[in-house]
2 protein chains.
Amino acid sequence: MTIRDWARCREARVTTQLDAARGGVTTEEVAFAAEREGVAAERLRELVAAGRAIVPANVRHASLEPAAIGSELRCKINANIGSSSAASDIAAELAKLQLSVELGADAVMDLSTGGDIDAIRRAIVERSPVPVGSVPVYNALASQPDLSRLSAGDFLGAVERHARDGIDFVTVHAGLLRRHLPLVRDRVTGIVSRGGAIMAQWMLVHEAENPFYARFDELLELCRGFDLSLSLGDGLRPGSGADANDAAQFGELEVLGELVRRARERGVQAMVEGPGHVPLHLIPENVERERNVCDGAPFYVLGPLVTDVAAGYDHIASAIGGALAALHGVAMLCYVTPREHLGLPDLEDVRAGVVAHRIAAHAADVALDRPGARARDLAMSRARYRFDWNEMFRLALDPATARRLRAERQSGCELPDDCCSMCGPQFCAMKLSRELEKPGSRRSG
Amino acid sequence: MTIRDWARCREARVTTQLDAARGGVTTEEVAFAAEREGVAAERLRELVAAGRAIVPANVRHASLEPAAIGSELRCKINANIGSSSAASDIAAELAKLQLSVELGADAVMDLSTGGDIDAIRRAIVERSPVPVGSVPVYNALASQPDLSRLSAGDFLGAVERHARDGIDFVTVHAGLLRRHLPLVRDRVTGIVSRGGAIMAQWMLVHEAENPFYARFDELLELCRGFDLSLSLGDGLRPGSGADANDAAQFGELEVLGELVRRARERGVQAMVEGPGHVPLHLIPENVERERNVCDGAPFYVLGPLVTDVAAGYDHIASAIGGALAALHGVAMLCYVTPREHLGLPDLEDVRAGVVAHRIAAHAADVALDRPGARARDLAMSRARYRFDWNEMFRLALDPATARRLRAERQSGCELPDDCCSMCGPQFCAMKLSRELEKPGSRRSG
């Protein structure tokens with residue numbers, strides 16, 4: 001099926017993926033996503049119907065190749081791209097999109113806050129084969145920096161603009177309510193979610209409840225019109241290990257659970273965002289709690305970062321937490337790059353972030369024996385044992401980097417193919433080990 | 001106490017650390033190591049006496065600042081350095097030593113197999129404040145490449161040479177026996193330990209039992225003479241996820257458990273080496289089993305790598321496995337660099353490897369609330385919330401890299417100090433969050 005066919009399918013569709021799944025209909029999107037997963041289409045339809053998997057697919061995203069997100073499926077990863085006021089360049093963002101997809105990102109979020117935000121978003125959606133997410137409040141605030149002049153309608157309007165542009169899922173920080181704000185006061189790092197901080201400010205300035213919460217039914221109607229999926233943001237995610245799993249975080253999570261149910265009732269697909277900074281020992285509790293409170297809605301976590309002192313290497317702190325979270329059932333990991341806490345990622349940061357989180361997600365897929373995961377590892381190991389370098393590079397998560405790292409050290413030392421510069425020909429264990437297998441073979445020199 | 005004093009203490013000592021601890025004597029080395037750990041000296045003495053912690057301290061290693069390794073202590077990391085036949089340069093290896101120590105490596109192993117191996121080893125020991133380990137069989141084989149001409153005595157002689165040079169702990173693959181060899185036949189990647197492969201070849205060529213096993217008592221006497229600690233190598237560690245926790249690996253582990261007991265009986269400190277390549281879900285079992293079989297001897301693991309397809313990024317696959325292993329009680333992580341499986345690490349690979357594993361070890365220390373770990377994270381988070389960049393860099397695991405990554409993106413965009421190029425001044429959540437805290441503060445523009 002070609003991309004063009006997809007667009008036709010979507011135009012003809014009148015219900016959402018969730019409505020269809022509940023009605024027993026396996027949509028083309030579900031069928032396509034199921035085939036990619038290696039699971040039966042009927043099984044994926046059941047998961048979508050139960051809200052335990054989502055297939056974000058805005059009817060206007062013509063270039064989309066649908067994918068499913070859920071804890072029983074291959075663990076997905078998302079790459080955040082987008083401009084800031086300090087760095088805004090449409091070509092640079094498209095390069096990040098292309099590299100992310102090439103390296104295996106399953107989704108991207110355009111978090112642009114600077115430059116021609118609308119143009120960047122449209123260009124990304126137009127070219128992206130993976131689901132594209134966004135945070136419409138950034139757009140609202142960039143258009144009108146004075147929060148006191150921004151109305152609840154402006155926020156909903158921003159969501160609608162993104163929906164019309166083909167965005168597949170939007171983060172709305174609808175669970176952060178006025179009653180949660182006092183819970184933040186004693187935190188070490190307060191509110192570290194941009195969207196969360198904006199909603200908190202808005203509620204104080206307007207002395208009103210969170211507009212996405214207050215007008216959640218309208219938001220759901222808007223989503224239905226495009227089959228826009230909701231990513232229920234955690235505005236109170238902990239920004240330091242000390243704030244993890246606190247009353248603020250879990251208080252907001254309770255509201256997100258309520259919103260998951262309301263979204264499902266209206267046939268709108270929803271996933272739930274999670275932290276953030278969480279020490280290793282608190283990660284299982286975190287995932288378990290989300291599963292219970294949100295009735296198995298796909299959990300989509302940023303990191304979590306397992307320490308606060310990894311500046312410059314936060315992609316690794318995040319991959320560690322992400323792997324453990326994925327092992328416990330997280331459905332999608334949002335990448336973190338080495339530039340986290342320090343600046344806007346550049347293209348090499350994107351590469352490092354995507355690969356680190358592909359490793360984390362794949363490690364969980366291997367552990368949980370999801371389709372294809374162990375087979376890929378096995379193929380790599382067999383290639384390694386027979387010194388088939390081209391096959392090793394092909395199977396590596398980042399072939400270009402693996403090839404470069406080997407080539408750099410091989411040059412000048414004229415090593416044969418059946419070893420590398422780590423051990424040289426005399427000390428290669430696998431070479432020795434292969435010799436052991438030869439019948440009657442005895443090494444004597 | 002100065003380094004010179006240490007040397008005098010050692011010269012005067014006639015028993016090993018283990019003998020002393022059992023006799024109720026708190027040595028200067030134990031006292032020093034305990035103070036660094038933030039634990040009572042008497043407690044560390046008890047752990048050493050029980051064999052659940054070791055303080056590797058060759059009496060001839062004059063520059064040593066003693067440290068303890070054990071599952072109840074701060075998780076340690078080891079950096080492998082050393083030449084190969086493809087790349088051998090004494091200055092380059094000393095630069096790796098210096099950088100490793102600067103970035104927080106708790107031990108280094110000199111795995112040189114090329115060039116002037118003896119000179120490299122002596123130079124490293126002379127300059128290293130951290131315990132230095134080695135694998136003497138490499139040295140034996142480098143001197144005499146024809147295994148059929150290498151005797152058991154040659155192997156013991158190599159150990160003695162390393163002991164005389166002040167090496168603090170030696171890896172000996174004494175647990176890999178002839179009866180284990182058939183267990184390797186059906187493996188995907190055979191034997192991937194260099195020392196293990198050499199011992200296997202030697203046993204076949206000589207039709208004799210593993211010489212380190214056969215002459216283990218002699219080895220122990222030799223160790224006693226210098227208080228050389230043993231690192232009981234896992235010659236059959238899995239080299240692919242498919243081979244993890246198999247009969248070969250666990251068969252050898254049983255022997256290592258026996259050797260731990262024999263070493264303790266003779267007053268020789270011993271730790272046990274572990275894999276390797278282990279999928280996430282098998283890591284807890286791995287650590288638990290070692291604890292039981294080896295009666296709580298410190299477990300020192302390479303990785304484990306949680307997937308086989310991360311070539312070019314194996315430091316990350318290893319940090320993920322290492323963090324989980326450390327959470328379950330591993331005492332020391334051996335680093336893996338991005339060059340693993342591809343070539344001999346250079347200085348930048350060493351940097352990446354050390355920092356990745358410091359993150360993993362520290363994440364476990366935070367989770368297990370070991371002395372100082374959470375305090376460092378908290379100090380970092382507080383500095384972050386008040387935009388104290390110098391303090392953030394000071395607390396970061398790799399200050400130079402953190403500073404560089406921020407500076408690269410700040411230049412040219414003239415941002416104030418209380419934000420970064422990720423969000424710019426308007427979208428900084430922490431800045432917004434701090435404003436929320438000001439009494440009566442309302443944002444209006």
# chains A, B, ... in the order shown; residues from 1 in each chain; ligands from 1
>>> interface_residues(of="chain A", to="chain B", cutoff="6 Å", atoms="only C-alpha atoms", output="ChimeraX atom specification")
/A:84-86,146,148,189-194,197,205,240,279-281,306-312,320,342-344,363,367,377,381,385,396-397,401-402,406,409,413,420-424,429-430,432-433,442,444-445
>>> select_by_dssp(residues="stretch 216-386 of chain B", states="helix (DSSP H, G or I)", output="PyMOL selection string")
chain B and resi 216-226+241-243+247-265+280-293+314-327+347-367+373-385
>>> closest_residue(among="B:Pro66, B:Val287, B:Ala163, B:Glu348", to="B:Arg36", atoms="only C-alpha atoms")
B:Pro66
>>> select_by_dssp(residues="stretch 172-356 of chain B", states="strand (DSSP E or B)", output="short mmCIF file (atom, residue, chain, number, x, y, z; two decimals) with N, CA, C and O atoms, in the first residue's frame")
data_model
loop_
_atom_site.label_atom_id
_atom_site.label_comp_id
_atom_site.auth_asym_id
_atom_site.auth_seq_id
_atom_site.Cartn_x
_atom_site.Cartn_y
_atom_site.Cartn_z
N VAL B 172 43.09 -14.15 37.14
CA VAL B 172 43.53 -15.49 36.73
C VAL B 172 42.27 -16.28 36.39
O VAL B 172 41.29 -16.26 37.13
N SER B 229 45.89 -9.33 45.51
CA SER B 229 44.52 -9.83 45.52
C SER B 229 44.22 -10.59 44.24
O SER B 229 44.78 -10.28 43.18
N LEU B 230 43.32 -11.54 44.35
CA LEU B 230 42.91 -12.30 43.16
C LEU B 230 41.60 -11.77 42.62
O LEU B 230 40.66 -11.50 43.36
N SER B 231 41.55 -11.64 41.30
CA SER B 231 40.29 -11.37 40.61
C SER B 231 40.03 -12.63 39.79
O SER B 231 40.71 -12.88 38.79
N LEU B 232 39.12 -13.44 40.27
CA LEU B 232 38.90 -14.75 39.64
C LEU B 232 38.13 -14.57 38.34
O LEU B 232 36.93 -14.26 38.33
N ALA B 270 39.95 -12.07 47.57
CA ALA B 270 39.49 -12.48 46.24
C ALA B 270 38.18 -11.81 45.87
O ALA B 270 37.30 -11.64 46.70
N MET B 271 38.09 -11.41 44.62
CA MET B 271 36.81 -11.00 44.05
C MET B 271 36.55 -11.87 42.83
O MET B 271 37.43 -12.63 42.39
N VAL B 272 35.33 -11.79 42.32
CA VAL B 272 34.90 -12.68 41.25
C VAL B 272 34.44 -11.87 40.04
O VAL B 272 33.64 -10.94 40.19
N GLU B 273 34.95 -12.23 38.88
CA GLU B 273 34.56 -11.49 37.68
C GLU B 273 33.30 -12.07 37.06
O GLU B 273 33.04 -13.27 37.14
N GLY B 274 32.53 -11.18 36.45
CA GLY B 274 31.27 -11.62 35.85
C GLY B 274 31.09 -11.06 34.45
O GLY B 274 31.90 -10.27 33.97
N HIS B 277 27.79 -10.26 28.26
CA HIS B 277 26.55 -9.94 27.53
C HIS B 277 25.40 -10.64 28.26
O HIS B 277 25.34 -11.87 28.26
N PHE B 299 31.61 -8.87 43.56
CA PHE B 299 31.36 -9.25 42.18
C PHE B 299 31.77 -8.08 41.30
O PHE B 299 31.36 -6.94 41.52
N TYR B 300 32.57 -8.39 40.31
CA TYR B 300 33.19 -7.37 39.46
C TYR B 300 32.81 -7.72 38.02
O TYR B 300 33.32 -8.69 37.48
N VAL B 301 31.91 -6.93 37.43
CA VAL B 301 31.36 -7.34 36.14
C VAL B 301 31.78 -6.43 34.99
O VAL B 301 31.99 -5.23 35.17
N LEU B 302 31.91 -7.02 33.84
CA LEU B 302 32.20 -6.31 32.60
C LEU B 302 30.85 -6.04 31.95
O LEU B 302 30.21 -6.94 31.43
N LEU B 305 26.52 -6.06 28.94
CA LEU B 305 25.87 -5.45 27.78
C LEU B 305 24.48 -6.06 27.62
O LEU B 305 24.34 -7.28 27.57
N MET B 332 31.81 -3.75 41.66
CA MET B 332 32.62 -2.94 40.75
C MET B 332 32.22 -3.24 39.31
O MET B 332 32.01 -4.39 38.94
N LEU B 333 32.12 -2.17 38.53
CA LEU B 333 31.81 -2.30 37.10
C LEU B 333 33.09 -2.09 36.30
O LEU B 333 33.81 -1.11 36.52
N CYS B 334 33.36 -2.99 35.40
CA CYS B 334 34.45 -2.75 34.46
C CYS B 334 33.87 -1.99 33.29
O CYS B 334 32.87 -2.40 32.70
#
>>> closest_residue(among="B:Asp19, B:His180, B:Pro298, B:Gly175", to="B:Glu258", atoms="only C-alpha atoms")
B:Gly175
